Every structure is written in structure tokens, then in C-alpha cells.
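Only one structure is covered here, and it is reproduced in the block below.
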Amino acid sequence: MALCLGIDTSNYTTSVALFDGVSGYNLGRLLDVPEGALGLRQSDALFQHVKHLPEIFAALRAEGRLDGCIAAVGASTKPRWVEGSYMPCFLAGESQGRGIADTLGVPFFPCAHQQGHIAAAAWSAGRPDLLDRPHLAWHLSGGTTELLYVQPDGVSVWAQKLGGTSDISAGQLIDRTGQLLGLPFPAGKALDGLYGQADVCQNYTVKINDLTFSLSGMENKVRELVERGTPPANVARFVVDTVVKAVLRTTDKALDQYPGLPVLCSGGVASNSALRAALRDAVFAPPQYSTDNALGVAILARRALTGGSRL
């Protein structure tokens, strides 16, 4: 069966995926972030992607994953599919993807990182039908907290921002909390682990205006808690519960405007267990496909190759 190859080079992960219309496989590697740092400069991220991609392809070859016929190549070329959206780190995946496609004589299909997240989440959750119908989607990651109205756009998906944060993302708040607590970056998994150890349940109610809310003030509140000697588990629960409550309330408000639409959650923050428990009716990808990955890129390449919704 012909394979479609997908490449994604975000500011956090280098990943390559293969999709044959039935099954998919993703191999990724987190970028190396210096201890105590909150992410990387674009130049450093781009340099690491250039180094990591040949290593990932070599590993795929060693696993026998590249033995089939590659019929198309896709890559995420920008953060969002809107005019002016640009990050240099995506040049690494795009340049290699175009080079591979030209070498093999197969088509190259660009997409946005956000579109890939939506496709990977829908497919891995067992809901590929969402790619062919309107729905609401949360993109909750280290750099993005956006509530989207998603609808089919030919063989891809088009996403319109409805709301989310007006300043720092949920992932940034979580990572900055992790830095204050001395946790490794990215801090989502560590905060999730601390959450269940908390002996105090409290949160801060953020104000929501037109499906938009602010999290920047929370960073100062977290700093105050840490400076007062609040146990790390209680700090973790305070932050997670605040984020979860804001997402849940915003979702409910959006469903008042768009009743009956399914809600899909993607992005690394969507791996959080408390969020999954709170949004019981939402569609969540398995944790390994919530974080940055290239599977959605490969899925969209397959859809573009076949010319329609059938994978």
C-alpha cells in the first residue's frame, strides 16, 4: 500500500510520520532545551531540526518503515493557515520535504502545523469524520490556546479563531510554573503528576469576554504562592484547575452559540488528565498524538493525494 510521508518541525519537536490510509506511525524527538530555559530561539530550533531529521530518517530506515512506495510527501510550512503566519523552524521540514518529493518524483503537499494537529487528533481518536464536518476545536499547546471553528476546505480543513487567550497560552503558564518549581521543560507531564498529590483544591476564576480570556495575571499569583512556600503539588493543582475551568467555561459559552457541534481537543496541554475528565463530552486524541507530531501532516497529504475525504 502506498505511503504518505509527513514532516513537522515545530519549536518543540522534530517528527516524521507515515500513513497508508489505514494505519499511521510517528517518530519524533523533543528539541534539547537548556536547563532552566523556557524554549529555544528560532535559530537554535532550526539548527536542531536540521541535525535531527537525518537521524529520524535513519531510524525509520532501520525499522523497515521506509521500504514501501512513498506516493506523496507533506510538511507543515507555517503555524496557521492564515496570511502572515510564519516561523523559521518550519523551513527545516519544508525544505527536506520538497527535496524528497522532487527526488522521488511525487507530489508535495504543504499544510499548517495547526491543521496537522486537528487531523492527527481526529484520526487517532477514531473520529476521522470530523475532518468532513463542521466542529469546534481547541488547540492547546506550548505556544497556542485557541478555540477554533473548523470546517472542511477541500481535502484539508479551514480553522477560524473564535476565542482563547489574549496573551500567554495555557502551555506557557504551565511551563513558567514548572520553571518556578524547578521542573524539567516542558512541564506539562510533571504538573499532571503533581496534581493528584495536592491536599488543597482552589483555583482562580478568569474573566471571559467574547470567548477570550487572559492568563498573564496568573503568573504573578503563581509566583506569590511559590514565594510563600506553598507545596509544589498545591501550586500545580491551582494552575491546572484554573486553566481547566477557563477552557470548560469558554467551551460552554461557545456551544451556546454553536449548539450541537462536536468539540475536538488537540495540542500538548490536551494530554492533561484533569482537562480530559472535565470535558467529558469532548473528543480527545491519545496523549501521544496530542503533542506535536507529524501524523496529521501525513494524513492530510494522503487526503490531498486521493482527492477527497476517503483516506
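FYI, nothing fancy with the C-alpha cells labels: chains A, B, ... in order, residues from 1 per chain, ligands from 1 as they appear.
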From a DSSP calculation on the backbone, collect every residue of range 101-256 of chain A in strand (DSSP E or B) and output the set as a PyMOL selection string. chain A and resi 108-112+135-140+145-153+156-165+208-209+212-213
Restricted to N, CA and C atoms, what would the selected residues look like written as an mmCIF file, in the first residue's frame?
```
data_model
loop_
_atom_site.group_PDB
_atom_site.id
_atom_site.type_symbol
_atom_site.label_atom_id
_atom_site.label_comp_id
_atom_site.auth_asym_id
_atom_site.auth_seq_id
_atom_site.Cartn_x
_atom_site.Cartn_y
_atom_site.Cartn_z
ATOM 1 N N PHE A 108 4.239 17.140 -3.568
ATOM 2 C CA PHE A 108 4.472 17.693 -2.237
ATOM 3 C C PHE A 108 3.254 18.506 -1.845
ATOM 4 N N PHE A 109 2.762 18.290 -0.608
ATOM 5 C CA PHE A 109 1.572 18.985 -0.124
ATOM 6 C C PHE A 109 1.897 19.740 1.165
ATOM 7 N N PRO A 110 1.868 21.065 1.125
ATOM 8 C CA PRO A 110 2.095 21.839 2.351
ATOM 9 C C PRO A 110 0.822 21.941 3.181
ATOM 10 N N CYS A 111 0.989 22.099 4.473
ATOM 11 C CA CYS A 111 -0.141 22.373 5.353
ATOM 12 C C CYS A 111 0.367 23.189 6.530
ATOM 13 N N ALA A 112 -0.518 23.588 7.413
ATOM 14 C CA ALA A 112 -0.127 24.321 8.606
ATOM 15 C C ALA A 112 -0.002 23.355 9.781
ATOM 16 N N HIS A 135 -16.991 21.544 13.167
ATOM 17 C CA HIS A 135 -16.859 21.232 14.590
ATOM 18 C C HIS A 135 -16.066 22.331 15.280
ATOM 19 N N LEU A 136 -16.067 22.323 16.589
ATOM 20 C CA LEU A 136 -15.233 23.218 17.370
ATOM 21 C C LEU A 136 -13.969 22.473 17.759
ATOM 22 N N ALA A 137 -12.861 23.179 17.838
ATOM 23 C CA ALA A 137 -11.600 22.534 18.210
ATOM 24 C C ALA A 137 -10.785 23.461 19.096
ATOM 25 N N TRP A 138 -10.228 22.890 20.135
ATOM 26 C CA TRP A 138 -9.242 23.587 20.948
ATOM 27 C C TRP A 138 -7.847 23.192 20.483
ATOM 28 N N HIS A 139 -6.995 24.186 20.246
ATOM 29 C CA HIS A 139 -5.577 23.955 20.010
ATOM 30 C C HIS A 139 -4.856 24.464 21.248
ATOM 31 N N LEU A 140 -4.480 23.528 22.115
ATOM 32 C CA LEU A 140 -3.911 23.852 23.425
ATOM 33 C C LEU A 140 -2.475 23.346 23.471
ATOM 34 N N THR A 145 -3.253 28.829 22.628
ATOM 35 C CA THR A 145 -4.503 28.436 23.285
ATOM 36 C C THR A 145 -5.615 29.113 22.512
ATOM 37 N N GLU A 146 -6.148 28.386 21.520
ATOM 38 C CA GLU A 146 -7.146 28.942 20.624
ATOM 39 C C GLU A 146 -8.350 28.020 20.528
ATOM 40 N N LEU A 147 -9.521 28.622 20.569
ATOM 41 C CA LEU A 147 -10.762 27.915 20.280
ATOM 42 C C LEU A 147 -11.123 28.215 18.836
ATOM 43 N N LEU A 148 -11.323 27.165 18.043
ATOM 44 C CA LEU A 148 -11.489 27.298 16.602
ATOM 45 C C LEU A 148 -12.832 26.764 16.132
ATOM 46 N N TYR A 149 -13.354 27.416 15.105
ATOM 47 C CA TYR A 149 -14.453 26.846 14.342
ATOM 48 C C TYR A 149 -13.832 26.212 13.105
ATOM 49 N N VAL A 150 -13.992 24.907 12.954
ATOM 50 C CA VAL A 150 -13.317 24.163 11.890
ATOM 51 C C VAL A 150 -14.350 23.624 10.914
ATOM 52 N N GLN A 151 -14.050 23.767 9.635
ATOM 53 C CA GLN A 151 -14.915 23.189 8.613
ATOM 54 C C GLN A 151 -14.065 22.669 7.462
ATOM 55 N N PRO A 152 -14.601 21.733 6.669
ATOM 56 C CA PRO A 152 -13.836 21.186 5.548
ATOM 57 C C PRO A 152 -13.458 22.275 4.555
ATOM 58 N N ASP A 153 -12.268 22.144 3.994
ATOM 59 C CA ASP A 153 -11.781 23.077 2.973
ATOM 60 C C ASP A 153 -11.131 22.239 1.878
ATOM 61 N N SER A 156 -8.526 19.481 2.899
ATOM 62 C CA SER A 156 -7.946 19.883 4.172
ATOM 63 C C SER A 156 -9.036 20.448 5.075
ATOM 64 N N VAL A 157 -8.641 21.186 6.094
ATOM 65 C CA VAL A 157 -9.599 21.820 6.990
ATOM 66 C C VAL A 157 -9.244 23.295 7.123
ATOM 67 N N TRP A 158 -10.260 24.106 7.299
ATOM 68 C CA TRP A 158 -10.081 25.548 7.493
ATOM 69 C C TRP A 158 -10.521 25.873 8.904
ATOM 70 N N ALA A 159 -9.695 26.620 9.625
ATOM 71 C CA ALA A 159 -9.968 26.923 11.021
ATOM 72 C C ALA A 159 -10.061 28.425 11.238
ATOM 73 N N GLN A 160 -11.157 28.858 11.815
ATOM 74 C CA GLN A 160 -11.370 30.266 12.159
ATOM 75 C C GLN A 160 -11.289 30.413 13.673
ATOM 76 N N LYS A 161 -10.474 31.322 14.132
ATOM 77 C CA LYS A 161 -10.335 31.534 15.563
ATOM 78 C C LYS A 161 -11.582 32.212 16.123
ATOM 79 N N LEU A 162 -12.165 31.605 17.162
ATOM 80 C CA LEU A 162 -13.312 32.174 17.846
ATOM 81 C C LEU A 162 -12.918 32.830 19.162
ATOM 82 N N GLY A 163 -11.907 32.281 19.813
ATOM 83 C CA GLY A 163 -11.509 32.787 21.123
ATOM 84 C C GLY A 163 -10.275 32.074 21.621
ATOM 85 N N GLY A 164 -10.097 32.116 22.927
ATOM 86 C CA GLY A 164 -8.892 31.559 23.544
ATOM 87 C C GLY A 164 -8.243 32.621 24.408
ATOM 88 N N THR A 165 -6.931 32.568 24.527
ATOM 89 C CA THR A 165 -6.247 33.552 25.363
ATOM 90 C C THR A 165 -5.909 34.811 24.564
ATOM 91 N N ILE A 208 -14.021 36.025 31.257
ATOM 92 C CA ILE A 208 -14.165 35.645 29.849
ATOM 93 C C ILE A 208 -15.007 36.690 29.131
ATOM 94 N N ASN A 209 -14.459 37.262 28.074
ATOM 95 C CA ASN A 209 -15.162 38.241 27.244
ATOM 96 C C ASN A 209 -15.173 37.762 25.804
ATOM 97 N N THR A 212 -12.914 34.989 24.943
ATOM 98 C CA THR A 212 -11.492 35.297 25.112
ATOM 99 C C THR A 212 -11.198 35.566 26.580
ATOM 100 N N PHE A 213 -10.054 35.067 27.052
ATOM 101 C CA PHE A 213 -9.672 35.267 28.446
ATOM 102 C C PHE A 213 -8.168 35.499 28.539
#
```
Find the residues of range 81-169 of chain A that sit at most 12 Å from range 186-190 of chain A; for each, write down the nearest two atoms and how far apart they are in Å, to one decimal. Count only C-alpha atoms. Sort by chain, then by number going up, and give it as a tab-separated table.
```
residue	atom	partner	partner_atom	distance
A:Leu140	CA	A:Gly188	CA	11.5
A:Ser141	CA	A:Gly188	CA	9.8
A:Gly142	CA	A:Pro186	CA	8.1
A:Gly143	CA	A:Pro186	CA	11.5
```
Only N, CA and C atoms, please: the residues just picked out, written as a short mmCIF file (atom, residue, chain, number, x, y, z; two decimals), in the first residue's frame.
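Saved file again21.cif follows:
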```
data_model
loop_
_atom_site.label_atom_id
_atom_site.label_comp_id
_atom_site.auth_asym_id
_atom_site.auth_seq_id
_atom_site.Cartn_x
_atom_site.Cartn_y
_atom_site.Cartn_z
N LEU A 140 -4.48 23.53 22.11
CA LEU A 140 -3.91 23.85 23.42
C LEU A 140 -2.48 23.35 23.47
N SER A 141 -1.53 24.26 23.31
CA SER A 141 -0.14 23.84 23.24
C SER A 141 0.77 24.82 23.97
N GLY A 142 2.09 24.60 23.82
CA GLY A 142 3.05 25.47 24.47
C GLY A 142 3.00 26.90 23.99
N GLY A 143 2.55 27.11 22.76
CA GLY A 143 2.51 28.46 22.23
C GLY A 143 1.14 28.94 21.84
#
```
Nearest residue to Leu66 in chain A out of A:Ala17, A:Val82, A:Leu30, A:Cys89, using only C-alpha atoms?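 Going through A:Ala17, A:Val82, A:Leu30, A:Cys89 one by one, the smallest distance to Leu66 in chain A is for A:Ala17.
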In Å, with one decimal, what is the gap from CA of Pro231 in chain A to CA of Arg280 in chain A?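 Result for CA of Pro231 in chain A versus CA of Arg280 in chain A: 28.9 Å, one decimal.
Using only C-alpha atoms, the shortest contact distance between Asp20 in chain A and any of A:Ser266, A:Thr230, A:Thr77, A:Thr306 is found at A:Thr306.
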Mind checking which residues fall within 8 Å of Thr9 in chain A, counting only C-alpha atoms, ignoring those fewer than 6 positions away in the same chain, and posting them as a PDB file with C-alpha atoms, in the first residue's frame?
```
ATOM      1  CA  SER A  15       8.847  14.468  13.848  1.00  0.00           C
ATOM      2  CA  HIS A  49      15.809  20.210  13.320  1.00  0.00           C
ATOM      3  CA  SER A  76       3.925  21.780   7.898  1.00  0.00           C
ATOM      4  CA  CYS A  89      11.714  26.454  12.305  1.00  0.00           C
ATOM      5  CA  PHE A  90       9.225  25.103   9.753  1.00  0.00           C
ATOM      6  CA  LEU A  91      11.714  25.768   6.965  1.00  0.00           C
ATOM      7  CA  ALA A  92      13.668  22.675   8.028  1.00  0.00           C
ATOM      8  CA  GLY A  93      10.774  20.307   7.386  1.00  0.00           C
TER       9      GLY A  93
END
```
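Rounded to one decimal, CA of Asp102 in chain A and CA of Asp44 in chain A lie 27.2 Å from each other.
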Determine the nearest neighbour of Gly182 in chain A from the options A:Cys4, A:Val240, A:Val226, A:Leu130, counting only C-alpha atoms.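 Closest to Gly182 in chain A of all the choices is A:Val226.
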Could you go through range 121-307 of chain A and tell me which residues DSSP, when run on the backbone, assigns to alpha helix (DSSP H), listing them as number ranges by chain? A: 121-124, 170-180, 188-195, 216-227, 232-257, 273-278, 295-306
For Gly24 in chain A, please output as a ChimeraX atom specification all residues within 10 Å (counting only C-alpha atoms; exclusion window: fewer than 4 positions along the same chain). /A:3-5,17-20,120,123-124,295-296,298-299
Restricting the output to all heavy atoms, write the selected residues as a tab-separated table (two decimals), in the first residue's frame.
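Saved file out.tsv follows:
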```tsv
chain	number	residue	atom	x	y	z
A	3	LEU	N	2.48	4.74	0.68
A	3	LEU	CA	2.64	5.52	1.91
A	3	LEU	C	2.68	7.00	1.61
A	3	LEU	O	3.17	7.43	0.56
A	3	LEU	CB	3.95	5.13	2.61
A	3	LEU	CG	4.09	3.70	3.12
A	3	LEU	CD1	5.52	3.46	3.60
A	3	LEU	CD2	3.11	3.44	4.26
A	4	CYS	N	2.18	7.78	2.55
A	4	CYS	CA	2.36	9.22	2.51
A	4	CYS	C	3.25	9.60	3.68
A	4	CYS	O	3.04	9.16	4.82
A	4	CYS	CB	1.02	9.95	2.58
A	4	CYS	SG	0.07	9.83	1.05
A	5	LEU	N	4.25	10.41	3.38
A	5	LEU	CA	5.24	10.83	4.37
A	5	LEU	C	4.91	12.23	4.86
A	5	LEU	O	4.61	13.13	4.06
A	5	LEU	CB	6.63	10.81	3.72
A	5	LEU	CG	7.81	11.30	4.55
A	5	LEU	CD1	8.17	10.30	5.62
A	5	LEU	CD2	9.02	11.55	3.65
A	17	ALA	N	6.30	11.15	10.04
A	17	ALA	CA	5.25	10.13	10.14
A	17	ALA	C	4.97	9.52	8.79
A	17	ALA	O	5.24	10.11	7.74
A	17	ALA	CB	3.98	10.75	10.71
A	18	LEU	N	4.39	8.34	8.84
A	18	LEU	CA	3.96	7.62	7.65
A	18	LEU	C	2.51	7.21	7.82
A	18	LEU	O	2.10	6.77	8.90
A	18	LEU	CB	4.83	6.38	7.43
A	18	LEU	CG	6.31	6.67	7.14
A	18	LEU	CD1	7.16	5.45	7.44
A	18	LEU	CD2	6.48	7.09	5.68
A	19	PHE	N	1.72	7.34	6.75
A	19	PHE	CA	0.31	6.99	6.81
A	19	PHE	C	-0.08	6.32	5.49
A	19	PHE	O	0.25	6.83	4.41
A	19	PHE	CB	-0.55	8.24	7.04
A	19	PHE	CG	-2.00	7.95	7.23
A	19	PHE	CD1	-2.47	7.34	8.38
A	19	PHE	CD2	-2.92	8.30	6.24
A	19	PHE	CE1	-3.82	7.08	8.56
A	19	PHE	CE2	-4.27	8.04	6.41
A	19	PHE	CZ	-4.72	7.43	7.57
A	20	ASP	N	-0.77	5.18	5.59
A	20	ASP	CA	-1.14	4.44	4.38
A	20	ASP	C	-2.64	4.45	4.09
A	20	ASP	O	-3.11	3.71	3.23
A	20	ASP	CB	-0.63	3.00	4.45
A	20	ASP	CG	-1.24	2.19	5.60
A	20	ASP	OD1	-2.20	2.70	6.24
A	20	ASP	OD2	-0.77	1.08	5.87
A	120	ALA	N	-4.50	14.91	13.15
A	120	ALA	CA	-3.96	13.82	13.98
A	120	ALA	C	-4.90	13.51	15.13
A	120	ALA	O	-5.13	12.34	15.47
A	120	ALA	CB	-2.58	14.20	14.51
A	123	TRP	N	-8.20	11.72	13.69
A	123	TRP	CA	-7.96	10.34	13.23
A	123	TRP	C	-7.62	9.42	14.40
A	123	TRP	O	-8.19	8.33	14.53
A	123	TRP	CB	-6.84	10.31	12.19
A	123	TRP	CG	-6.55	8.91	11.73
A	123	TRP	CD1	-7.22	8.20	10.77
A	123	TRP	CD2	-5.55	8.03	12.26
A	123	TRP	NE1	-6.68	6.94	10.65
A	123	TRP	CE2	-5.66	6.80	11.55
A	123	TRP	CE3	-4.57	8.16	13.24
A	123	TRP	CZ2	-4.82	5.73	11.82
A	123	TRP	CZ3	-3.73	7.09	13.51
A	123	TRP	CH2	-3.86	5.88	12.80
A	124	SER	N	-6.70	9.84	15.27
A	124	SER	CA	-6.25	8.96	16.34
A	124	SER	C	-7.32	8.74	17.40
A	124	SER	O	-7.29	7.75	18.14
A	124	SER	CB	-4.98	9.51	16.99
A	124	SER	OG	-5.20	10.76	17.60
A	295	LEU	N	1.95	13.08	12.25
A	295	LEU	CA	0.95	12.16	11.71
A	295	LEU	C	-0.15	12.91	10.97
A	295	LEU	O	-0.56	12.51	9.88
A	295	LEU	CB	0.34	11.32	12.83
A	295	LEU	CG	-0.73	10.32	12.36
A	295	LEU	CD1	-0.13	9.31	11.38
A	295	LEU	CD2	-1.37	9.61	13.53
A	296	GLY	N	-0.63	14.01	11.55
A	296	GLY	CA	-1.68	14.78	10.87
A	296	GLY	C	-1.24	15.30	9.52
A	296	GLY	O	-2.05	15.39	8.59
A	298	ALA	N	0.88	13.79	7.52
A	298	ALA	CA	0.83	12.64	6.62
A	298	ALA	C	-0.62	12.31	6.23
A	298	ALA	O	-0.90	11.95	5.08
A	298	ALA	CB	1.49	11.44	7.27
A	299	ILE	N	-1.54	12.44	7.17
A	299	ILE	CA	-2.96	12.19	6.89
A	299	ILE	C	-3.49	13.18	5.86
A	299	ILE	O	-4.18	12.80	4.90
A	299	ILE	CB	-3.78	12.26	8.19
A	299	ILE	CG1	-3.44	11.07	9.09
A	299	ILE	CG2	-5.27	12.32	7.89
A	299	ILE	CD1	-4.01	11.18	10.50
```
Find, counting only C-alpha atoms, the residue in A:Gln288, A:Thr144, A:Asn203, A:Ser166 that gets nearest to Val243 in chain A.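 Ranking A:Gln288, A:Thr144, A:Asn203, A:Ser166 by distance to Val243 in chain A, first place goes to A:Asn203.
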Extract, using only C-alpha atoms, all DNA, RNA and protein residues at most 12 Å from Ala277 in chain A, discarding same-chain residues fewer than 4 positions from it, and format them as a list in words.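 Result of the neighbour search: Asp241, Val244, Lys245, Leu248, Ala270, Ser271, Asn272, Ser273, Asp281, Ala282, Val283 and Phe284 of chain A.
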When distances are computed from only C-alpha atoms, which of A:Val16, A:Ala170, A:Val235, A:Leu191 shows the smallest separation from Leu60 in chain A? A:Val16
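Computed from the coordinates, the CA of Val206 in chain A to CA of Phe238 in chain A distance equals 12.5 Å.
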Which is closest to Leu211 in chain A among A:Val239, A:Ala121, A:Leu183, A:Leu255, if we use only C-alpha atoms?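 Nearest to Leu211 in chain A: A:Leu255.
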Neighbouring residues of Ala2 in chain A were defined as those with any atom within 9 Å, considering only C-alpha atoms; residues of the same chain fewer than 3 positions away were excluded. Please report them as a CSV table (one decimal) with N, CA and C atoms, in the first residue's frame.
```csv
chain,number,residue,atom,x,y,z
A,19,PHE,N,1.7,7.3,6.8
A,19,PHE,CA,0.3,7.0,6.8
A,19,PHE,C,-0.1,6.3,5.5
A,20,ASP,N,-0.8,5.2,5.6
A,20,ASP,CA,-1.1,4.4,4.4
A,20,ASP,C,-2.6,4.4,4.1
A,21,GLY,N,-3.4,5.3,4.8
A,21,GLY,CA,-4.8,5.3,4.7
A,21,GLY,C,-5.6,4.5,5.7
A,68,GLY,N,8.3,0.7,1.8
A,68,GLY,CA,7.2,0.8,0.9
A,68,GLY,C,7.3,1.9,-0.1
A,69,CYS,N,6.4,2.0,-1.0
A,69,CYS,CA,6.4,3.0,-2.0
A,69,CYS,C,5.8,4.3,-1.4
A,70,ILE,N,6.6,5.4,-1.4
A,70,ILE,CA,6.1,6.7,-0.9
A,70,ILE,C,5.5,7.4,-2.1
A,71,ALA,N,4.2,7.7,-2.0
A,71,ALA,CA,3.4,8.2,-3.1
A,71,ALA,C,3.3,9.7,-3.0
A,72,ALA,N,3.5,10.3,-1.8
A,72,ALA,CA,3.4,11.8,-1.6
A,72,ALA,C,4.1,12.2,-0.3
```
